[in-house]
file my_file_3.cif (mmCIF, C-alpha atoms)
data_input
loop_
_atom_site.label_atom_id
_atom_site.label_comp_id
_atom_site.auth_asym_id
_atom_site.auth_seq_id
_atom_site.Cartn_x
_atom_site.Cartn_y
_atom_site.Cartn_z
CA MET A 619 -171.98 -81.32 -50.15
CA THR A 620 -172.22 -82.75 -46.62
CA GLY A 621 -168.81 -83.98 -45.43
CA ALA A 622 -167.27 -82.76 -48.65
CA ASN A 623 -163.53 -82.79 -49.27
CA TYR A 624 -162.30 -80.71 -52.18
CA LEU A 625 -159.16 -81.75 -54.01
CA VAL A 626 -157.35 -78.88 -55.75
CA VAL A 627 -154.73 -80.13 -58.20
CA GLY A 628 -151.91 -77.70 -58.94
CA ALA A 629 -152.29 -75.85 -55.66
CA SER A 630 -148.85 -74.20 -55.82
CA GLY A 631 -149.73 -72.24 -58.96
CA VAL A 632 -151.47 -68.92 -59.52
CA THR A 633 -154.92 -70.37 -60.15
CA GLY A 634 -154.76 -73.44 -57.94
CA GLY A 635 -153.36 -71.52 -55.00
CA ALA A 636 -156.11 -68.91 -55.16
CA ILE A 637 -158.81 -71.58 -55.52
CA ALA A 638 -157.52 -73.70 -52.63
CA GLY A 639 -157.20 -70.63 -50.42
CA HIS A 640 -160.68 -69.38 -51.21
CA LEU A 641 -162.40 -72.74 -50.70
CA SER A 642 -160.67 -73.26 -47.37
CA ALA A 643 -161.48 -69.69 -46.29
CA THR A 644 -165.17 -70.47 -46.80
CA GLY A 645 -164.92 -73.34 -44.31
CA ARG A 646 -164.53 -76.20 -46.77
CA ALA A 647 -162.11 -79.08 -46.24
CA VAL A 648 -159.43 -78.77 -48.93
CA THR A 649 -156.69 -81.15 -49.98
CA ALA A 650 -154.06 -79.19 -51.93
CA LEU A 651 -152.18 -81.47 -54.33
CA SER A 652 -148.95 -80.31 -55.92
CA ARG A 653 -145.42 -81.47 -56.55
CA SER A 654 -143.91 -78.77 -54.33
CA GLY A 655 -146.40 -77.89 -51.57
CA SER A 656 -148.43 -74.70 -51.16
CA ARG A 657 -147.60 -71.32 -52.69
CA SER A 658 -145.92 -69.99 -49.57
CA GLY A 659 -144.45 -73.32 -48.50
CA ASP A 660 -146.90 -73.63 -45.60
CA ALA A 661 -150.37 -75.14 -45.59
CA ALA A 662 -153.04 -72.46 -45.36
CA ALA A 663 -155.70 -72.76 -42.67
CA GLY A 664 -158.10 -75.58 -43.45
CA GLN A 665 -155.86 -77.17 -46.08
CA THR A 666 -154.17 -80.54 -46.10
CA VAL A 667 -151.10 -80.53 -48.33
CA LEU A 668 -150.66 -83.66 -50.43
CA LEU A 669 -147.41 -84.07 -52.35
CA GLY A 670 -147.73 -86.01 -55.56
CA ASP A 671 -146.49 -86.14 -59.14
CA LEU A 672 -149.20 -86.80 -61.72
CA SER A 673 -146.64 -87.15 -64.48
CA ARG A 674 -146.18 -90.69 -63.08
CA GLU A 675 -148.93 -93.30 -63.26
CA ASP A 676 -148.68 -94.05 -59.54
CA GLY A 677 -147.45 -90.62 -58.47
CA VAL A 678 -150.17 -89.99 -55.87
CA PRO A 679 -149.99 -92.01 -52.61
CA ARG A 680 -152.43 -94.89 -52.51
CA GLY A 681 -155.53 -94.25 -50.45
CA SER A 682 -154.91 -90.49 -50.29
CA LEU A 683 -157.92 -89.66 -52.49
CA SER A 684 -160.50 -92.00 -50.98
CA ASP A 685 -162.53 -89.25 -49.27
CA VAL A 686 -162.47 -86.75 -52.16
CA THR A 687 -165.94 -85.58 -53.24
CA GLY A 688 -165.11 -82.53 -55.38
CA VAL A 689 -162.14 -81.93 -57.69
CA VAL A 690 -160.63 -78.82 -59.26
CA TYR A 691 -157.93 -79.56 -61.83
CA ALA A 692 -155.70 -76.50 -62.25
CA ALA A 693 -152.32 -78.11 -62.93
CA TYR A 694 -150.13 -77.28 -65.92
CA VAL A 695 -146.65 -78.31 -67.05
CA GLU A 696 -144.74 -77.34 -70.16
CA ASP A 697 -142.74 -79.40 -72.63
CA THR A 698 -140.60 -78.65 -75.67
CA THR A 699 -143.49 -78.23 -78.14
CA HIS A 700 -147.20 -77.54 -77.89
CA ALA A 701 -147.94 -81.08 -79.07
CA ALA A 702 -145.69 -82.55 -76.38
CA THR A 703 -147.20 -80.22 -73.78
CA THR A 704 -150.69 -81.33 -74.81
CA ARG A 705 -149.79 -85.02 -74.53
CA ARG A 706 -148.09 -84.56 -71.17
CA ASN A 707 -150.94 -82.63 -69.59
CA ALA A 708 -153.53 -85.06 -70.95
CA ALA A 709 -151.59 -87.95 -69.40
CA MET A 710 -151.59 -86.14 -66.05
CA VAL A 711 -155.38 -85.79 -66.13
CA ARG A 712 -155.75 -89.48 -66.95
CA ASN A 713 -153.38 -90.40 -64.10
CA LEU A 714 -155.52 -88.38 -61.68
CA LEU A 715 -158.75 -90.00 -62.86
CA ASN A 716 -157.19 -93.45 -62.56
CA ALA A 717 -156.03 -92.62 -59.02
CA LEU A 718 -159.56 -91.55 -58.08
CA ASP A 719 -160.86 -94.88 -59.40
CA ARG A 720 -158.08 -96.75 -57.62
CA ASP A 721 -158.97 -95.18 -54.26
CA GLY A 722 -162.73 -95.55 -54.72
CA ALA A 723 -163.39 -91.81 -54.43
CA GLU A 724 -167.09 -90.90 -54.63
CA VAL A 725 -166.69 -87.68 -56.61
CA GLU A 726 -169.82 -85.63 -57.16
CA GLN A 727 -168.30 -82.95 -59.39
CA ILE A 728 -165.01 -82.32 -61.17
CA GLN A 729 -163.97 -78.96 -62.56
CA LEU A 730 -161.27 -78.25 -65.15
CA ILE A 731 -159.58 -74.85 -65.33
CA GLY A 732 -159.05 -74.34 -69.05
CA GLY A 733 -158.17 -71.18 -70.94
CA GLY A 734 -157.90 -69.17 -74.12
CA LYS A 735 -155.89 -71.83 -75.97
CA SER A 736 -159.24 -73.53 -76.59
CA TYR A 737 -159.94 -70.68 -79.04
CA GLY A 738 -156.48 -70.69 -80.62
CA GLU A 739 -155.09 -67.60 -78.90
CA HIS A 740 -151.61 -69.12 -79.08
CA LEU A 741 -151.94 -69.60 -82.85
CA GLY A 742 -152.69 -65.99 -83.79
CA PRO A 743 -155.76 -63.81 -84.38
CA TYR A 744 -158.96 -65.69 -83.64
CA ARG A 745 -162.70 -65.13 -83.84
CA THR A 746 -163.81 -62.61 -81.23
CA PRO A 747 -165.70 -62.41 -79.04
CA ALA A 748 -164.94 -66.09 -78.54
CA LYS A 749 -167.88 -68.11 -77.26
CA GLU A 750 -168.05 -71.47 -75.57
CA ALA A 751 -170.11 -72.94 -78.40
CA ASP A 752 -167.50 -72.07 -81.05
CA PRO A 753 -166.39 -75.19 -82.94
CA ARG A 754 -163.10 -76.75 -81.95
CA LEU A 755 -159.89 -76.14 -83.89
CA LEU A 756 -157.68 -78.81 -85.41
CA GLY A 757 -155.48 -80.22 -82.65
CA PRO A 758 -153.28 -80.46 -80.84
CA ILE A 759 -155.18 -78.00 -78.61
CA LEU A 760 -154.07 -78.20 -74.98
CA TYR A 761 -157.42 -78.51 -73.23
CA ASN A 762 -159.36 -80.69 -75.70
CA PRO A 763 -158.09 -84.11 -74.55
CA GLN A 764 -158.38 -83.03 -70.91
CA GLU A 765 -162.01 -82.00 -71.39
CA ASP A 766 -162.81 -85.24 -73.21
CA ALA A 767 -161.22 -87.40 -70.52
CA ILE A 768 -163.01 -85.60 -67.68
CA ARG A 769 -166.39 -85.67 -69.45
CA ASP A 770 -166.12 -89.39 -70.17
CA TRP A 771 -164.96 -90.20 -66.63
CA ALA A 772 -167.75 -88.12 -65.06
CA HIS A 773 -170.36 -89.86 -67.22
CA ARG A 774 -169.08 -93.31 -66.26
CA ASN A 775 -168.96 -92.43 -62.55
CA GLY A 776 -172.26 -90.57 -62.22
CA ALA A 777 -170.53 -87.25 -61.50
CA SER A 778 -171.04 -83.82 -63.05
CA TRP A 779 -168.34 -81.74 -64.70
CA THR A 780 -167.68 -78.05 -65.34
CA VAL A 781 -165.03 -76.35 -67.47
CA LEU A 782 -164.05 -72.79 -66.56
CA ARG A 783 -161.99 -70.86 -69.11
CA PRO A 784 -160.14 -67.87 -67.63
CA ASP A 785 -157.63 -65.85 -69.63
CA GLY A 786 -154.46 -64.20 -68.38
CA VAL A 787 -154.90 -64.97 -64.69
CA ILE A 788 -153.69 -62.17 -62.41
CA GLY A 789 -152.35 -63.43 -59.10
CA TRP A 790 -149.25 -64.84 -57.48
CA GLY A 791 -147.71 -68.27 -57.60
CA ALA A 792 -144.02 -69.06 -57.36
CA ARG A 793 -142.59 -71.26 -60.12
CA SER A 794 -145.66 -70.72 -62.27
CA PRO A 795 -144.90 -70.83 -66.03
CA MET A 796 -147.85 -68.52 -66.75
CA ASN A 797 -147.75 -65.40 -64.58
CA ILE A 798 -147.91 -61.94 -66.13
CA LEU A 799 -147.97 -60.17 -62.74
CA SER A 800 -144.47 -61.26 -61.74
CA GLY A 801 -143.21 -60.25 -65.20
CA VAL A 802 -144.61 -56.75 -64.76
CA ALA A 803 -143.08 -56.51 -61.29
CA ALA A 804 -139.64 -57.84 -62.21
CA PHE A 805 -139.34 -55.66 -65.32
CA ALA A 806 -140.34 -52.55 -63.37
CA MET A 807 -137.99 -53.26 -60.47
CA LEU A 808 -135.00 -53.87 -62.75
CA SER A 809 -135.79 -50.73 -64.74
CA ARG A 810 -136.09 -48.65 -61.58
CA SER A 811 -132.85 -50.12 -60.20
CA GLU A 812 -131.01 -48.94 -63.31
CA GLY A 813 -132.63 -45.51 -63.14
CA VAL A 814 -134.41 -45.76 -66.49
CA PRO A 815 -138.05 -44.94 -67.28
CA LEU A 816 -140.59 -47.72 -67.43
CA ARG A 817 -140.90 -48.60 -71.12
CA PHE A 818 -143.30 -51.24 -72.43
CA PRO A 819 -140.99 -53.90 -73.93
CA GLY A 820 -143.58 -55.63 -76.12
CA SER A 821 -144.66 -54.90 -79.69
CA TRP A 822 -146.36 -51.69 -80.77
CA GLY A 823 -149.36 -53.75 -81.85
CA ALA A 824 -149.70 -55.31 -78.40
CA TRP A 825 -149.37 -51.84 -76.85
CA ARG A 826 -152.63 -50.81 -78.51
CA ALA A 827 -154.55 -54.09 -78.82
CA LEU A 828 -157.59 -54.92 -76.70
CA HIS A 829 -156.68 -57.50 -74.06
CA GLN A 830 -158.36 -59.15 -71.09
CA ALA A 831 -157.46 -60.78 -67.80
CA THR A 832 -158.97 -62.88 -65.02
CA ASP A 833 -158.34 -61.91 -61.43
CA ALA A 834 -157.46 -65.07 -59.48
CA ARG A 835 -160.01 -64.07 -56.84
CA ILE A 836 -162.79 -63.86 -59.44
CA LEU A 837 -161.84 -67.30 -60.75
CA ALA A 838 -161.83 -68.77 -57.24
CA ARG A 839 -165.31 -67.41 -56.59
CA ALA A 840 -166.45 -68.83 -59.93
CA VAL A 841 -165.22 -72.26 -58.81
CA GLU A 842 -167.20 -71.94 -55.58
CA TRP A 843 -170.28 -70.92 -57.57
CA ALA A 844 -169.88 -73.85 -59.98
CA PHE A 845 -169.85 -76.31 -57.07
CA THR A 846 -173.24 -75.06 -55.86
CA ALA A 847 -175.18 -73.79 -58.89
CA PRO A 848 -177.30 -76.31 -60.84
CA THR A 849 -176.83 -74.12 -63.93
CA ALA A 850 -173.08 -74.77 -63.84
CA LYS A 851 -173.30 -78.54 -64.15
CA ASN A 852 -172.05 -80.25 -67.31
CA ASP A 853 -171.18 -77.04 -69.12
CA ILE A 854 -168.35 -74.73 -70.19
CA PHE A 855 -167.97 -71.07 -69.18
CA ASN A 856 -165.57 -68.25 -69.99
CA VAL A 857 -164.48 -66.35 -66.86
CA THR A 858 -162.78 -62.96 -67.12
CA ASN A 859 -162.80 -59.72 -65.14
CA GLY A 860 -165.75 -58.51 -67.19
CA ASP A 861 -163.87 -55.68 -68.90
CA HIS A 862 -160.97 -55.23 -71.31
CA PHE A 863 -157.84 -53.10 -71.24
CA ARG A 864 -155.06 -51.78 -73.43
CA TRP A 865 -151.47 -51.77 -72.21
CA CYS A 866 -151.11 -48.18 -73.41
CA HIS A 867 -153.75 -47.20 -70.83
CA LEU A 868 -152.64 -49.57 -68.04
CA TRP A 869 -148.90 -48.83 -68.27
CA PRO A 870 -149.04 -45.35 -66.65
CA ALA A 871 -150.85 -46.86 -63.64
CA ILE A 872 -148.09 -49.46 -63.30
CA ALA A 873 -145.41 -46.76 -63.53
CA GLU A 874 -147.21 -44.75 -60.85
CA PHE A 875 -147.36 -47.80 -58.57
CA PHE A 876 -143.58 -48.17 -58.78
CA ASP A 877 -143.07 -44.38 -58.51
CA MET A 878 -141.38 -44.27 -61.89
CA PRO A 879 -141.68 -42.09 -64.98
CA ALA A 880 -143.16 -43.83 -68.01
CA ALA A 881 -141.76 -43.44 -71.51
CA GLU A 882 -142.69 -44.60 -74.98
CA PRO A 883 -142.40 -48.34 -75.70
CA GLN A 884 -139.13 -49.98 -76.67
CA PRO A 885 -139.75 -53.46 -78.11
CA LEU A 886 -137.19 -55.99 -76.87
CA ASP A 887 -136.24 -59.60 -77.37
CA LEU A 888 -137.34 -59.95 -73.78
CA GLU A 889 -136.25 -63.51 -73.10
CA ALA A 890 -132.73 -62.77 -74.33
CA HIS A 891 -132.65 -59.38 -72.60
CA MET A 892 -133.53 -60.93 -69.24
CA PHE A 893 -131.15 -63.86 -69.55
CA ASP A 894 -128.55 -64.48 -66.82
CA ARG A 895 -129.75 -61.86 -64.33
CA ASP A 896 -129.93 -64.20 -61.34
CA ALA A 897 -127.08 -62.49 -59.46
CA GLU A 898 -128.47 -59.04 -60.25
CA TRP A 899 -131.91 -60.03 -58.94
CA ALA A 900 -130.42 -61.59 -55.81
CA GLU A 901 -128.44 -58.42 -55.08
CA LEU A 902 -131.49 -56.23 -55.69
CA THR A 903 -133.79 -58.21 -53.40
CA THR A 904 -131.13 -58.42 -50.66
CA ARG A 905 -130.42 -54.69 -50.83
CA GLN A 906 -134.12 -53.87 -50.51
CA GLY A 907 -134.76 -56.37 -47.70
CA LEU A 908 -137.12 -58.54 -49.75
CA ARG A 909 -137.83 -62.24 -49.58
CA ALA A 910 -135.17 -64.35 -51.23
CA THR A 911 -136.55 -65.67 -54.51
CA SER A 912 -134.53 -66.94 -57.42
CA PHE A 913 -135.07 -65.01 -60.62
CA ARG A 914 -136.07 -68.10 -62.61
CA ASP A 915 -138.64 -69.05 -59.96
CA PHE A 916 -140.07 -65.54 -59.76
CA VAL A 917 -140.82 -65.02 -63.45
CA ALA A 918 -141.01 -67.10 -66.64
CA TRP A 919 -140.18 -64.72 -69.50
CA PRO A 920 -141.39 -66.81 -72.48
CA PHE A 921 -145.01 -66.47 -71.31
CA VAL A 922 -144.62 -62.77 -70.50
CA GLU A 923 -142.98 -62.06 -73.84
CA ALA A 924 -145.68 -63.98 -75.72
CA TRP A 925 -148.41 -61.84 -74.15
CA TRP A 926 -146.54 -58.59 -74.69
CA ARG A 927 -146.14 -59.47 -78.36
CA THR A 928 -149.79 -60.39 -78.91
CA ASP A 929 -150.82 -57.66 -81.33
CA PHE A 930 -154.41 -58.77 -81.88
CA ASP A 931 -157.52 -58.43 -79.75
CA MET A 932 -158.09 -61.05 -77.05
CA VAL A 933 -161.81 -61.03 -76.27
CA GLN A 934 -163.89 -63.85 -74.76
CA SER A 935 -167.61 -63.42 -74.24
CA THR A 936 -168.80 -63.79 -70.63
CA ILE A 937 -172.51 -63.55 -71.42
CA LYS A 938 -173.07 -67.27 -70.83
CA ILE A 939 -171.74 -67.38 -67.25
CA ARG A 940 -173.61 -64.20 -66.34
CA GLN A 941 -176.84 -65.60 -67.65
CA ALA A 942 -176.16 -68.76 -65.62
CA GLY A 943 -175.92 -66.70 -62.44
CA PHE A 944 -172.28 -65.71 -61.86
CA ALA A 945 -171.74 -61.97 -62.30
CA ASP A 946 -168.66 -61.11 -60.19
CA CYS A 947 -166.35 -58.62 -61.88
CA ILE A 948 -163.45 -56.24 -61.23
CA ASP A 949 -161.77 -53.39 -63.10
CA SER A 950 -158.59 -54.85 -64.62
CA HIS A 951 -156.50 -51.79 -63.70
CA GLN A 952 -157.63 -52.23 -60.11
CA SER A 953 -156.85 -55.95 -60.30
CA PHE A 954 -153.22 -55.36 -61.32
CA VAL A 955 -152.62 -52.68 -58.70
CA GLU A 956 -154.22 -54.66 -55.88
CA HIS A 957 -152.19 -57.77 -56.63
CA LEU A 958 -148.98 -55.75 -56.95
CA SER A 959 -149.81 -54.20 -53.58
CA ALA A 960 -150.23 -57.69 -52.09
CA LEU A 961 -146.80 -58.69 -53.43
CA ARG A 962 -145.32 -55.57 -51.86
CA ASP A 963 -147.05 -56.23 -48.54
CA ASP A 964 -145.61 -59.77 -48.55
CA ARG A 965 -142.14 -58.35 -49.32
CA PHE A 966 -141.74 -60.07 -52.67
CA ILE A 967 -141.35 -56.69 -54.42
CA SER A 968 -140.68 -53.12 -53.37
#

call {"tool": "encode", "arguments": {"input": "my_file_3.cif", "output": "structure tokens"}}
result
Amino acid sequence: MTGANYLVVGASGVTGGAIAGHLSATGRAVTALSRSGSRSGDAAAGQTVLLGDLSREDGVPRGSLSDVTGVVYAAYVEDTTHAATTRRNAAMVRNLLNALDRDGAEVEQIQLIGGGKSYGEHLGPYRTPAKEADPRLLGPILYNPQEDAIRDWAHRNGASWTVLRPDGVIGWGARSPMNILSGVAAFAMLSRSEGVPLRFPGSWGAWRALHQATDARILARAVEWAFTAPTAKNDIFNVTNGDHFRWCHLWPAIAEFFDMPAAEPQPLDLEAHMFDRDAEWAELTTRQGLRATSFRDFVAWPFVEAWWRTDFDMVQSTIKIRQAGFADCIDSHQSFVEHLSALRDDRFIS
């Protein structure tokens, strides 16, 4: 796109931050929209930070979206129930689309970052390998109303749309409600601090089940591909690392990274077990000369616990996106270790 300006919504999160950073690193003009600024608190090179709150109908400054030509929607907020979460996130998408209309933005393509909830992962065992053409489930399903709103808006405005469905994104984003990496890091650091072996705290079924993940860098490159490939227009694609893993095989590599002995699993009520450790975390990070991060901002245990209790296979087919021309992949063990290394290099963990 000549003179393109890419709006990334949810740029302070794991997915949005990686996407905004990658697009700007490739020389594209990026406007990073979030309620709290960029992941690190500073605008990355080539990015314009736009503060806005899409939970309000007029939460984005007027005129701020007038030059937007490409959109990536990667925002997510939680509510008390899945139905309430679905309604709230759908309203945010509608508020964005209305703001684009309000400002007269000439958008050529809009992308939605979806996920495994489209296949009912959060409900229990589901049909695997899940494919994009699988029929929808009875709602509320988080991404369905978002997809419908974006498709309808794109049709009315002569734009194209793409839905990318990652699963278990591996990366870093402060205050993100869905971040398994920070959960792994925090649990390991607290275990090491107390001098105990690293024990998997999830269920025995999850310990052995076949799981998958999406490296944030792979997802960001898929977004770049979808903006340029004709085969990506007006379609839905699963995006994962291209392999699968079992925690029983990955756990020793995590223990080795933290220079800890591993031991057999000990299932825990993780959310309760990690409750009220803010002072302990603050003392630990200060003692080790790490960046000051509040415990509740660093990790959200409900999401981590839900994954570590998922005792069924999580498998999405990636045949469709490969046949369409995107074939990037990474070993999931390597993905975890590389992102943990990046957190250590940035002094978030030790």

call {"tool": "residues_around", "arguments": {"input": "my_file_3.cif", "residues": "Gly813 of chain A", "least_positions_apart": "3", "cutoff": "12 Å", "atoms": "only C-alpha atoms", "output": "PyMOL selection string"}}
result
chain A and resi 806-810+816-817+877-880

call {"tool": "write_last_selection", "arguments": {"input": "my_file_3.cif", "atoms": "C-alpha atoms", "output": "short mmCIF file (atom, residue, chain, number, x, y, z; two decimals), in the frame of the given file"}}
result
data_model
loop_
_atom_site.label_atom_id
_atom_site.label_comp_id
_atom_site.auth_asym_id
_atom_site.auth_seq_id
_atom_site.Cartn_x
_atom_site.Cartn_y
_atom_site.Cartn_z
CA ALA A 806 -140.34 -52.55 -63.37
CA MET A 807 -137.99 -53.26 -60.47
CA LEU A 808 -135.00 -53.87 -62.75
CA SER A 809 -135.79 -50.73 -64.74
CA ARG A 810 -136.09 -48.65 -61.58
CA LEU A 816 -140.59 -47.72 -67.43
CA ARG A 817 -140.90 -48.60 -71.12
CA ASP A 877 -143.07 -44.38 -58.51
CA MET A 878 -141.38 -44.27 -61.89
CA PRO A 879 -141.68 -42.09 -64.98
CA ALA A 880 -143.16 -43.83 -68.01
#

call {"tool": "resolve_selection", "arguments": {"input": "my_file_3.cif", "expression": "the PyMOL selection byres ((chain A and resi 785) around 10)", "output": "list in words"}}
result
Gly732, Gly733, Gly734, Lys735, Glu739, Leu782, Arg783, Pro784, Gly786, Val787, Ile788, His829, Gln830, Ala831, Thr832, Asp833, Leu837, Asn856, Val857, Thr858, Asn859, Met932, Val933 and Gln934 of chain A

call {"tool": "closest_residue", "arguments": {"input": "my_file_3.cif", "among": "A:Asp697, A:Glu765, A:Glu898, A:Asp770", "to": "Glu812 of chain A", "atoms": "only C-alpha atoms"}}
result
A:Glu898

call {"tool": "resolve_selection", "arguments": {"input": "my_file_3.cif", "expression": "the PyMOL selection byres ((chain A and resi 633) around 9)", "output": "CSV table (one decimal) with C-alpha atoms, in the frame of the given file"}}
result
chain,number,residue,atom,x,y,z
A,628,GLY,CA,-151.9,-77.7,-58.9
A,629,ALA,CA,-152.3,-75.8,-55.7
A,630,SER,CA,-148.8,-74.2,-55.8
A,631,GLY,CA,-149.7,-72.2,-59.0
A,632,VAL,CA,-151.5,-68.9,-59.5
A,634,GLY,CA,-154.8,-73.4,-57.9
A,635,GLY,CA,-153.4,-71.5,-55.0
A,636,ALA,CA,-156.1,-68.9,-55.2
A,637,ILE,CA,-158.8,-71.6,-55.5
A,638,ALA,CA,-157.5,-73.7,-52.6
A,692,ALA,CA,-155.7,-76.5,-62.2
A,693,ALA,CA,-152.3,-78.1,-62.9
A,731,ILE,CA,-159.6,-74.8,-65.3
A,787,VAL,CA,-154.9,-65.0,-64.7
A,788,ILE,CA,-153.7,-62.2,-62.4
A,789,GLY,CA,-152.4,-63.4,-59.1
A,790,TRP,CA,-149.2,-64.8,-57.5
A,791,GLY,CA,-147.7,-68.3,-57.6
A,834,ALA,CA,-157.5,-65.1,-59.5
A,835,ARG,CA,-160.0,-64.1,-56.8
A,837,LEU,CA,-161.8,-67.3,-60.8
A,838,ALA,CA,-161.8,-68.8,-57.2

call {"tool": "closest_residue", "arguments": {"input": "my_file_3.cif", "among": "A:Ala873, A:Val689, A:Ile854, A:Ala960", "to": "Ala751 of chain A", "atoms": "all atoms listed in the file"}}
result
A:Ile854

call {"tool": "axis_aligned_box", "arguments": {"input": "my_file_3.cif", "around": "segment 939-945 of chain A", "padding_each_side": "4 Å", "output": "lines of an AutoDock Vina configuration file"}}
result
center_x = -174.3
center_y = -65.4
center_z = -64.8
size_x = 13.1
size_y = 14.8
size_z = 13.8

call {"tool": "resolve_selection", "arguments": {"input": "my_file_3.cif", "expression": "the PyMOL selection byres ((chain A and resi 729) around 8)", "output": "number ranges by chain"}}
result
A: 689-691, 727-728, 730-731, 779-782, 841

call {"tool": "residues_around", "arguments": {"input": "my_file_3.cif", "residues": "Leu625 of chain A", "least_positions_apart": "5", "cutoff": "10 Å", "atoms": "only C-alpha atoms", "output": "number ranges by chain"}}
result
A: 638, 647-651, 665-668, 683, 685-691, 725, 728

call {"tool": "atom_distance", "arguments": {"input": "my_file_3.cif", "atom1": "atom CA of Thr746 of chain A", "atom2": "atom CA of Phe954 of chain A"}}
result
23.7 Å

call {"tool": "residues_around", "arguments": {"input": "my_file_3.cif", "residues": "Ala871 of chain A", "least_positions_apart": "3", "cutoff": "8 Å", "atoms": "only C-alpha atoms", "output": "tab-separated table (two decimals) with C-alpha atoms, in the frame of the given file"}}
result
chain	number	residue	atom	x	y	z
A	867	HIS	CA	-153.75	-47.20	-70.83
A	868	LEU	CA	-152.64	-49.57	-68.04
A	874	GLU	CA	-147.21	-44.75	-60.85
A	875	PHE	CA	-147.36	-47.80	-58.57
A	951	HIS	CA	-156.50	-51.79	-63.70
A	955	VAL	CA	-152.62	-52.68	-58.70

call {"tool": "atom_distance", "arguments": {"input": "my_file_3.cif", "atom1": "atom CA of Val626 of chain A", "atom2": "atom CA of Leu714 of chain A"}}
result
11.3 Å

call {"tool": "closest_residue", "arguments": {"input": "my_file_3.cif", "among": "A:Gly776, A:Asn797, A:Phe845, A:Ala850", "to": "Tyr624 of chain A", "atoms": "all atoms listed in the file"}}
result
A:Phe845

call {"tool": "closest_residue", "arguments": {"input": "my_file_3.cif", "among": "A:Asp929, A:Asp915, A:Asp894, A:Asp719", "to": "Trp822 of chain A", "atoms": "only C-alpha atoms"}}
result
A:Asp929

call {"tool": "closest_residue", "arguments": {"input": "my_file_3.cif", "among": "A:Met892, A:Ala844, A:Cys947, A:Ile798", "to": "Leu641 of chain A", "atoms": "all atoms listed in the file"}}
result
A:Ala844

call {"tool": "closest_residue", "arguments": {"input": "my_file_3.cif", "among": "A:Leu958, A:Ala717, A:His862, A:Trp825", "to": "Ser684 of chain A", "atoms": "only C-alpha atoms"}}
result
A:Ala717

call {"tool": "residues_around", "arguments": {"input": "my_file_3.cif", "residues": "Phe930 of chain A", "least_positions_apart": "4", "cutoff": "7 Å", "atoms": "all atoms listed in the file", "output": "PyMOL selection string"}}
result
chain A and resi 743+824+827

call {"tool": "atom_distance", "arguments": {"input": "my_file_3.cif", "atom1": "atom CA of Asp671 of chain A", "atom2": "atom CA of Thr703 of chain A"}}
result
15.8 Å
